[in-house]
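The next block is query-v1.cif, given as mmCIF, C-alpha atoms.
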```cif
data_protein
#
loop_
_atom_site.group_PDB
_atom_site.id
_atom_site.type_symbol
_atom_site.label_atom_id
_atom_site.label_comp_id
_atom_site.auth_asym_id
_atom_site.auth_seq_id
_atom_site.Cartn_x
_atom_site.Cartn_y
_atom_site.Cartn_z
ATOM 1 C CA MET A 1 -14.132 26.308 11.925
ATOM 2 C CA ASN A 2 -15.221 23.231 10.050
ATOM 3 C CA PRO A 3 -13.587 23.256 6.604
ATOM 4 C CA PHE A 4 -15.944 20.664 5.177
ATOM 5 C CA PRO A 5 -19.236 20.403 7.051
ATOM 6 C CA PHE A 6 -21.204 19.087 4.104
ATOM 7 C CA THR A 7 -20.582 18.543 0.448
ATOM 8 C CA THR A 8 -23.657 18.462 -1.752
ATOM 9 C CA THR A 9 -23.530 15.955 -4.576
ATOM 10 C CA ALA A 10 -25.851 14.687 -7.262
ATOM 11 C CA GLU A 11 -26.388 11.677 -5.021
ATOM 12 C CA GLY A 12 -27.334 13.866 -2.077
ATOM 13 C CA PRO A 13 -25.352 15.531 0.686
ATOM 14 C CA VAL A 14 -22.291 13.732 1.984
ATOM 15 C CA ASP A 15 -21.325 14.504 5.564
ATOM 16 C CA LEU A 16 -17.545 14.338 5.726
ATOM 17 C CA GLY A 17 -17.924 14.829 9.465
ATOM 18 C CA ALA A 18 -18.858 11.136 9.460
ATOM 19 C CA LEU A 19 -15.125 10.475 9.120
ATOM 20 C CA SER A 20 -14.611 11.764 12.668
ATOM 21 C CA THR A 21 -16.402 9.017 14.578
ATOM 22 C CA ILE A 22 -14.267 7.998 17.534
ATOM 23 C CA ASP A 23 -14.798 4.227 17.163
ATOM 24 C CA ARG A 24 -13.573 4.238 13.555
ATOM 25 C CA LEU A 25 -10.539 6.358 14.420
ATOM 26 C CA ARG A 26 -9.695 4.119 17.401
ATOM 27 C CA GLU A 27 -9.781 1.131 15.080
ATOM 28 C CA ILE A 28 -7.410 2.859 12.637
ATOM 29 C CA ALA A 29 -5.126 3.727 15.551
ATOM 30 C CA ALA A 30 -4.837 0.023 16.385
ATOM 31 C CA TYR A 31 -2.621 -0.463 13.328
ATOM 32 C CA ASN A 32 1.036 0.429 12.979
ATOM 33 C CA LEU A 33 0.486 2.318 9.725
ATOM 34 C CA PHE A 34 4.059 3.557 9.491
ATOM 35 C CA ASP A 35 5.804 0.186 9.622
ATOM 36 C CA HIS A 36 8.241 0.003 6.718
ATOM 37 C CA ASP A 37 7.569 -3.672 6.059
ATOM 38 C CA LEU A 38 3.803 -3.073 5.979
ATOM 39 C CA ARG A 39 4.255 -0.281 3.469
ATOM 40 C CA THR A 40 6.452 -2.488 1.298
ATOM 41 C CA GLU A 41 3.926 -5.335 1.313
ATOM 42 C CA LEU A 42 1.100 -2.959 0.411
ATOM 43 C CA ASP A 43 3.126 -1.418 -2.413
ATOM 44 C CA VAL A 44 3.457 -4.890 -3.936
ATOM 45 C CA ILE A 45 -0.303 -5.466 -3.741
ATOM 46 C CA CYS A 46 -0.939 -2.063 -5.335
ATOM 47 C CA GLN A 47 1.380 -2.917 -8.201
ATOM 48 C CA HIS A 48 -0.333 -6.263 -8.653
ATOM 49 C CA THR A 49 -3.812 -4.733 -8.703
ATOM 50 C CA ALA A 50 -2.784 -1.965 -11.079
ATOM 51 C CA ASP A 51 -1.241 -4.534 -13.425
ATOM 52 C CA ARG A 52 -4.292 -6.825 -13.325
ATOM 53 C CA LEU A 53 -6.633 -3.916 -14.048
ATOM 54 C CA SER A 54 -4.233 -2.307 -16.573
ATOM 55 C CA GLN A 55 -4.306 0.976 -14.661
ATOM 56 C CA PRO A 56 -1.324 3.298 -14.127
ATOM 57 C CA ILE A 57 -1.894 3.945 -10.408
ATOM 58 C CA GLY A 58 -2.914 1.705 -7.523
ATOM 59 C CA LEU A 59 -3.281 2.925 -3.934
ATOM 60 C CA VAL A 60 -4.093 1.847 -0.407
ATOM 61 C CA THR A 61 -5.448 4.780 1.565
ATOM 62 C CA ILE A 62 -6.492 5.239 5.154
ATOM 63 C CA VAL A 63 -9.111 7.941 5.444
ATOM 64 C CA LEU A 64 -8.466 9.951 8.607
ATOM 65 C CA ASP A 65 -10.768 12.654 9.970
ATOM 66 C CA SER A 66 -9.594 15.466 7.699
ATOM 67 C CA ALA A 67 -7.163 13.863 5.239
ATOM 68 C CA GLN A 68 -6.469 10.611 3.486
ATOM 69 C CA LEU A 69 -3.137 8.936 4.187
ATOM 70 C CA VAL A 70 -1.545 6.893 1.410
ATOM 71 C CA ILE A 71 0.020 3.780 2.963
ATOM 72 C CA GLY A 72 0.521 1.746 -0.212
ATOM 73 C CA ARG A 73 1.134 2.917 -3.724
ATOM 74 C CA SER A 74 2.170 2.066 -7.246
ATOM 75 C CA GLY A 75 2.673 4.594 -10.013
ATOM 76 C CA LEU A 76 1.991 7.638 -7.844
ATOM 77 C CA ALA A 77 4.156 10.734 -8.388
ATOM 78 C CA GLY A 78 4.063 14.477 -7.790
ATOM 79 C CA TRP A 79 2.854 16.342 -4.745
ATOM 80 C CA ILE A 80 0.480 13.617 -3.555
ATOM 81 C CA ALA A 81 3.381 11.173 -3.368
ATOM 82 C CA ALA A 82 5.448 13.782 -1.530
ATOM 83 C CA THR A 83 2.751 14.604 1.018
ATOM 84 C CA GLU A 84 1.550 10.988 1.275
ATOM 85 C CA GLY A 85 -2.041 12.110 1.113
ATOM 86 C CA THR A 86 -4.633 14.721 0.282
ATOM 87 C CA PRO A 87 -7.243 16.709 2.183
ATOM 88 C CA ALA A 88 -10.326 14.571 2.862
ATOM 89 C CA GLU A 89 -12.638 16.875 0.954
ATOM 90 C CA TRP A 90 -10.843 15.961 -2.296
ATOM 91 C CA ALA A 91 -10.478 12.250 -1.553
ATOM 92 C CA PHE A 92 -12.466 9.944 -3.813
ATOM 93 C CA CYS A 93 -11.729 7.225 -1.244
ATOM 94 C CA ALA A 94 -13.602 9.174 1.449
ATOM 95 C CA ARG A 95 -16.813 8.503 -0.454
ATOM 96 C CA ALA A 96 -16.145 4.763 -0.548
ATOM 97 C CA VAL A 97 -15.514 4.886 3.201
ATOM 98 C CA ILE A 98 -18.587 6.935 4.124
ATOM 99 C CA ALA A 99 -20.906 4.860 1.921
ATOM 100 C CA ASP A 100 -19.126 1.600 2.840
ATOM 101 C CA GLN A 101 -19.443 0.447 -0.745
ATOM 102 C CA PRO A 102 -17.462 0.568 -3.991
ATOM 103 C CA TYR A 103 -17.182 3.985 -5.578
ATOM 104 C CA VAL A 104 -16.610 4.219 -9.322
ATOM 105 C CA VAL A 105 -16.119 7.296 -11.485
ATOM 106 C CA PRO A 106 -15.558 6.418 -15.160
ATOM 107 C CA ASP A 107 -14.977 10.008 -16.294
ATOM 108 C CA ALA A 108 -14.545 12.553 -13.537
ATOM 109 C CA THR A 109 -14.486 15.455 -15.974
ATOM 110 C CA LYS A 110 -18.137 14.686 -16.765
ATOM 111 C CA ASP A 111 -19.168 13.591 -13.274
ATOM 112 C CA ALA A 112 -21.514 15.945 -11.418
ATOM 113 C CA VAL A 113 -19.844 15.151 -8.088
ATOM 114 C CA GLN A 114 -16.192 15.239 -9.123
ATOM 115 C CA ALA A 115 -15.911 17.564 -12.129
ATOM 116 C CA HIS A 116 -14.776 20.488 -9.963
ATOM 117 C CA ASN A 117 -12.524 18.455 -7.675
ATOM 118 C CA PRO A 118 -9.024 20.031 -7.806
ATOM 119 C CA LEU A 119 -7.521 16.551 -8.199
ATOM 120 C CA VAL A 120 -9.479 16.335 -11.451
ATOM 121 C CA VAL A 121 -9.149 19.919 -12.639
ATOM 122 C CA MET A 122 -5.535 20.537 -11.603
ATOM 123 C CA ASP A 123 -3.949 17.089 -11.360
ATOM 124 C CA GLY A 124 -5.667 15.190 -14.133
ATOM 125 C CA VAL A 125 -7.337 12.386 -12.210
ATOM 126 C CA THR A 126 -10.009 11.200 -14.643
ATOM 127 C CA ALA A 127 -11.079 7.681 -13.729
ATOM 128 C CA TYR A 128 -11.394 6.086 -10.280
ATOM 129 C CA ALA A 129 -12.521 2.763 -8.891
ATOM 130 C CA GLY A 130 -12.183 2.030 -5.188
ATOM 131 C CA VAL A 131 -13.518 -0.421 -2.625
ATOM 132 C CA PRO A 132 -13.670 -0.073 1.166
ATOM 133 C CA LEU A 133 -11.167 -1.697 3.526
ATOM 134 C CA ARG A 134 -13.152 -3.203 6.405
ATOM 135 C CA SER A 135 -11.439 -4.335 9.577
ATOM 136 C CA HIS A 136 -12.462 -7.563 11.279
ATOM 137 C CA ASN A 137 -14.266 -5.356 13.835
ATOM 138 C CA GLY A 138 -16.480 -3.964 11.097
ATOM 139 C CA GLN A 139 -14.976 -0.507 10.853
ATOM 140 C CA VAL A 140 -14.165 0.997 7.454
ATOM 141 C CA LEU A 141 -10.545 2.094 7.544
ATOM 142 C CA GLY A 142 -9.904 3.349 4.036
ATOM 143 C CA ALA A 143 -9.985 2.087 0.486
ATOM 144 C CA HIS A 144 -8.063 0.211 -2.172
ATOM 145 C CA CYS A 145 -8.313 1.952 -5.511
ATOM 146 C CA VAL A 146 -6.966 2.447 -9.005
ATOM 147 C CA LEU A 147 -6.707 5.749 -10.868
ATOM 148 C CA ASN A 148 -6.269 6.731 -14.482
ATOM 149 C CA ASP A 149 -5.713 10.003 -16.316
ATOM 150 C CA LYS A 150 -7.995 8.748 -19.093
ATOM 151 C CA PRO A 151 -11.676 7.763 -18.931
ATOM 152 C CA GLN A 152 -12.243 4.102 -18.047
ATOM 153 C CA GLU A 153 -15.252 1.858 -17.776
ATOM 154 C CA PHE A 154 -14.764 -0.614 -14.949
ATOM 155 C CA THR A 155 -16.352 -4.057 -15.153
ATOM 156 C CA ALA A 156 -17.859 -6.135 -12.364
ATOM 157 C CA GLU A 157 -14.933 -8.513 -12.800
ATOM 158 C CA GLN A 158 -12.453 -5.684 -12.239
ATOM 159 C CA LEU A 159 -14.312 -4.585 -9.103
ATOM 160 C CA GLY A 160 -14.131 -8.191 -7.956
ATOM 161 C CA ILE A 161 -10.344 -8.075 -8.343
ATOM 162 C CA LEU A 162 -10.264 -4.917 -6.236
ATOM 163 C CA GLU A 163 -12.433 -6.589 -3.568
ATOM 164 C CA GLU A 164 -10.135 -9.636 -3.461
ATOM 165 C CA ALA A 165 -7.126 -7.402 -3.079
ATOM 166 C CA ALA A 166 -8.881 -5.388 -0.343
ATOM 167 C CA THR A 167 -9.418 -8.581 1.633
ATOM 168 C CA GLU A 168 -5.737 -9.443 1.232
ATOM 169 C CA ILE A 169 -4.750 -5.908 2.318
ATOM 170 C CA VAL A 170 -6.709 -6.141 5.568
ATOM 171 C CA GLU A 171 -5.158 -9.560 6.252
ATOM 172 C CA VAL A 172 -1.717 -8.049 5.788
ATOM 173 C CA MET A 173 -2.612 -5.066 7.979
ATOM 174 C CA ASP A 174 -3.818 -7.411 10.717
ATOM 175 C CA ARG A 175 -0.249 -8.670 11.062
ATOM 176 C CA TYR A 176 0.728 -5.110 11.957
ATOM 177 C CA ARG A 177 -1.942 -4.461 14.579
ATOM 178 C CA ARG A 178 -0.685 -3.033 17.850
ATOM 179 C CA VAL A 179 -3.981 -3.731 19.643
ATOM 180 C CA ALA A 180 -6.189 -6.815 19.308
ATOM 181 C CA MET B 1 -12.441 31.589 19.177
ATOM 182 C CA THR B 2 -8.860 31.818 20.360
ATOM 183 C CA THR B 3 -7.008 32.356 17.134
ATOM 184 C CA THR B 4 -6.258 35.260 14.905
ATOM 185 C CA ALA B 5 -7.536 35.140 11.356
ATOM 186 C CA GLU B 6 -5.729 32.675 9.130
ATOM 187 C CA THR B 7 -4.448 34.040 5.884
ATOM 188 C CA GLY B 8 -3.132 32.504 2.704
ATOM 189 C CA SER B 9 -4.663 30.241 0.109
ATOM 190 C CA VAL B 10 -3.943 28.402 -3.100
ATOM 191 C CA PRO B 11 -6.749 29.820 -5.243
ATOM 192 C CA ALA B 12 -6.474 27.303 -8.080
ATOM 193 C CA TYR B 13 -7.182 24.528 -5.599
ATOM 194 C CA GLY B 14 -9.507 26.570 -3.390
ATOM 195 C CA PHE B 15 -7.358 25.508 -0.456
ATOM 196 C CA HIS B 16 -6.690 27.710 2.541
ATOM 197 C CA ARG B 17 -3.622 27.609 4.736
ATOM 198 C CA PRO B 18 -4.546 25.389 7.705
ATOM 199 C CA GLY B 19 -4.351 27.026 11.101
ATOM 200 C CA THR B 20 -4.952 26.471 14.763
ATOM 201 C CA SER B 21 -8.716 26.991 14.491
ATOM 202 C CA GLU B 22 -8.835 24.056 12.057
ATOM 203 C CA ALA B 23 -6.849 21.956 14.522
ATOM 204 C CA ARG B 24 -9.250 22.788 17.322
ATOM 205 C CA ALA B 25 -12.249 22.066 15.073
ATOM 206 C CA SER B 26 -10.830 18.598 14.396
ATOM 207 C CA LEU B 27 -10.791 17.878 18.108
ATOM 208 C CA GLU B 28 -14.316 19.185 18.541
ATOM 209 C CA ARG B 29 -15.667 16.960 15.767
ATOM 210 C CA ILE B 30 -14.101 13.900 17.383
ATOM 211 C CA TYR B 31 -14.396 14.596 21.114
ATOM 212 C CA GLY B 32 -17.319 16.988 21.446
ATOM 213 C CA SER B 33 -17.459 18.421 24.963
ATOM 214 C CA ASP B 34 -14.158 16.761 25.920
ATOM 215 C CA ALA B 35 -12.291 18.705 23.250
ATOM 216 C CA ALA B 36 -11.679 21.795 25.394
ATOM 217 C CA ALA B 37 -9.593 19.898 27.947
ATOM 218 C CA LYS B 38 -7.595 18.159 25.228
ATOM 219 C CA TRP B 39 -7.001 21.484 23.489
ATOM 220 C CA THR B 40 -5.639 23.000 26.695
ATOM 221 C CA GLU B 41 -3.365 19.975 27.146
ATOM 222 C CA LEU B 42 -2.096 20.253 23.567
ATOM 223 C CA ARG B 43 -1.391 23.971 23.929
ATOM 224 C CA ARG B 44 0.559 23.256 27.098
ATOM 225 C CA THR B 45 2.559 20.507 25.355
ATOM 226 C CA ALA B 46 3.302 22.911 22.510
ATOM 227 C CA GLY B 47 4.638 25.417 25.009
ATOM 228 C CA LEU B 48 1.911 27.912 24.247
ATOM 229 C CA ASP B 49 -0.096 30.096 26.591
ATOM 230 C CA THR B 50 -3.161 28.000 27.467
ATOM 231 C CA SER B 51 -5.661 30.835 27.483
ATOM 232 C CA GLY B 52 -4.540 33.683 25.247
ATOM 233 C CA PRO B 53 -5.009 34.126 21.506
ATOM 234 C CA LEU B 54 -2.798 32.164 19.110
ATOM 235 C CA ASP B 55 -1.076 33.371 15.990
ATOM 236 C CA ALA B 56 -2.558 30.854 13.571
ATOM 237 C CA ASP B 57 0.331 30.717 11.125
ATOM 238 C CA ALA B 58 3.228 30.822 13.542
ATOM 239 C CA GLU B 59 1.866 28.404 16.107
ATOM 240 C CA PHE B 60 0.243 25.826 13.855
ATOM 241 C CA GLY B 61 3.397 23.782 13.355
ATOM 242 C CA ARG B 62 3.961 23.520 17.103
ATOM 243 C CA ILE B 63 0.373 22.478 17.681
ATOM 244 C CA VAL B 64 0.626 19.787 14.993
ATOM 245 C CA GLU B 65 3.770 18.430 16.658
ATOM 246 C CA ALA B 66 1.912 18.335 19.974
ATOM 247 C CA PHE B 67 -0.923 16.372 18.338
ATOM 248 C CA LEU B 68 1.539 13.889 16.847
ATOM 249 C CA LYS B 69 3.262 13.323 20.209
ATOM 250 C CA ASN B 70 0.046 12.979 22.224
ATOM 251 C CA ALA B 71 -0.421 9.764 24.201
ATOM 252 C CA ASP B 72 -3.940 9.336 22.822
ATOM 253 C CA PRO B 73 -3.399 7.562 19.479
ATOM 254 C CA VAL B 74 -6.546 9.124 18.014
ATOM 255 C CA VAL B 75 -5.210 12.604 18.716
ATOM 256 C CA SER B 76 -1.958 11.546 17.079
ATOM 257 C CA LEU B 77 -3.878 10.361 13.995
ATOM 258 C CA CYS B 78 -5.701 13.662 13.932
ATOM 259 C CA GLY B 79 -2.262 15.330 13.948
ATOM 260 C CA GLN B 80 -1.225 13.169 11.016
ATOM 261 C CA ALA B 81 -4.210 14.447 9.055
ATOM 262 C CA LEU B 82 -3.344 18.047 9.950
ATOM 263 C CA LYS B 83 0.250 17.397 8.883
ATOM 264 C CA ILE B 84 -0.983 16.225 5.463
ATOM 265 C CA ARG B 85 -3.120 19.364 5.140
ATOM 266 C CA GLN B 86 -0.129 21.506 6.118
ATOM 267 C CA ALA B 87 2.133 19.710 3.616
ATOM 268 C CA THR B 88 -0.531 20.029 0.920
ATOM 269 C CA TYR B 89 -0.655 23.779 1.406
ATOM 270 C CA ARG B 90 3.135 24.024 1.399
ATOM 271 C CA HIS B 91 3.598 21.936 -1.754
ATOM 272 C CA LEU B 92 0.829 23.604 -3.723
ATOM 273 C CA SER B 93 1.850 27.134 -2.774
ATOM 274 C CA GLU B 94 5.505 26.391 -3.607
ATOM 275 C CA ALA B 95 4.513 24.880 -6.939
ATOM 276 C CA ARG B 96 2.485 27.966 -7.698
ATOM 277 C CA ALA B 97 5.521 30.129 -6.932
ATOM 278 C CA HIS B 98 7.661 28.034 -9.286
ATOM 279 C CA ILE B 99 5.308 28.631 -12.186
ATOM 280 C CA GLY B 100 5.218 32.344 -11.503
ATOM 281 C CA GLY B 101 1.888 32.573 -9.729
ATOM 282 C CA VAL B 102 1.076 35.691 -7.799
ATOM 283 C CA SER B 103 0.174 35.625 -4.149
#
```

Give the structure from this file in structure tokens form.
Amino acid sequence: MNPFPFTTTAEGPVDLGALSTIDRLREIAAYNLFDHDLRTELDVICQHTADRLSQPIGLVTIVLDSAQLVIGRSGLAGWIAATEGTPAEWAFCARAVIADQPYVVPDATKDAVQAHNPLVVMDGVTAYAGVPLRSHNGQVLGAHCVLNDKPQEFTAEQLGILEEAATEIVEVMDRYRRVA
Amino acid sequence: MTTTAETGSVPAYGFHRPGTSEARASLERIYGSDAAAKWTELRRTAGLDTSGPLDADAEFGRIVEAFLKNADPVVSLCGQALKIRQATYRHLSEARAHIGGVS
């Protein structure tokens, strides 16, 4: 049973099965994602990004094959904080990973792709901006993002701040690699 | 298919209780033809019969633990994803119970 073979969007079908490529998952496995000090450092970066972009929530996520894992966070509460992730089929960050480019949703309630996402309908996620986290081996591990419960227009300058922070995040993660 | 039908869902989220067939599908997406051998290994680690049908609900937790403990770090990551899906189901179904939802 494949719970998410394809999701059709206004931008065309997105194959979430692309998250299951063995080379990408091996690269993710090279990092010690559960190191307490790593998590603490990433939380600080999330707080910094959220403050600079005046957004209530900042996250670092690693997009696994069927779920996203939150490894850094600021302002996150509720069940997603408790579970440290969400199913991949709801993850905005999965789209940034699959496309390997920034993904921005100014108002998810009016977005053809996201309007029926349970995170939008049930949990109130309204605005999203995220950029991919690329390892030095060229694999896309996850995303750095900000969320808001109100509509937001994100500027090129704000996306630049996210990109800068994403670079810093990968540099921090590299200090916690188990495998070269 | 070696599992019984999985039951249970959180209708408001359109999310079904994850089960052993979902776990096996994860392996198949990643490992293709090598998935069968890994699945047998994981069932053995979980202390489950390696050939008979599985009770999806009852055995899922043991299978997830076997994924997490596997020497292959990719299988372990796959287990982490299944654990998040399991926790998502648990949290959302409990929350629904707290607000008086019907099953």

Mind telling me what the PyMOL selection byres ((chain A) within 7 of (chain B)) catches here, as a PDB file with C-alpha atoms, in the frame of the given file?
```pdb
ATOM      1  CA  MET A   1     -14.132  26.308  11.925  1.00  0.00           C
ATOM      2  CA  ASN A   2     -15.221  23.231  10.050  1.00  0.00           C
ATOM      3  CA  SER A  20     -14.611  11.764  12.668  1.00  0.00           C
ATOM      4  CA  THR A  21     -16.402   9.017  14.578  1.00  0.00           C
ATOM      5  CA  ILE A  22     -14.267   7.998  17.534  1.00  0.00           C
ATOM      6  CA  LEU A  25     -10.539   6.358  14.420  1.00  0.00           C
ATOM      7  CA  ARG A  26      -9.695   4.119  17.401  1.00  0.00           C
ATOM      8  CA  ALA A  29      -5.126   3.727  15.551  1.00  0.00           C
ATOM      9  CA  LEU A  64      -8.466   9.951   8.607  1.00  0.00           C
ATOM     10  CA  ASP A  65     -10.768  12.654   9.970  1.00  0.00           C
ATOM     11  CA  SER A  66      -9.594  15.466   7.699  1.00  0.00           C
ATOM     12  CA  ALA A  67      -7.163  13.863   5.239  1.00  0.00           C
ATOM     13  CA  TRP A  79       2.854  16.342  -4.745  1.00  0.00           C
ATOM     14  CA  THR A  83       2.751  14.604   1.018  1.00  0.00           C
ATOM     15  CA  GLY A  85      -2.041  12.110   1.113  1.00  0.00           C
ATOM     16  CA  THR A  86      -4.633  14.721   0.282  1.00  0.00           C
ATOM     17  CA  PRO A  87      -7.243  16.709   2.183  1.00  0.00           C
ATOM     18  CA  PRO A 118      -9.024  20.031  -7.806  1.00  0.00           C
TER      19      PRO A 118
END
```

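What separates CA of Ala112 in chain A from CA of Gly8 in chain B is a distance of 28.5 Å.
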
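We find CA of Ala82 in chain A and CA of Gly130 in chain A to be spaced 21.5 Å apart.
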
Task: Contacts of Ala165 in chain A at 10 Å (only C-alpha atoms; same-chain gap of 5+ positions) as a PyMOL selection string - done: chain A and resi 42+45-46+48-49+131+133+144-145+159-160+170-171

TODO: Give me, please, the distance in Å between CA of Ile161 in chain A and CA of Leu59 in chain A, quoted to one decimal.
DONE: 13.8 Å

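With distances restricted to all atoms listed in the file, B:Ile63 is the closest residue to Asp49 in chain B from B:Val10, B:Ser93, B:Ile63, B:Arg17.
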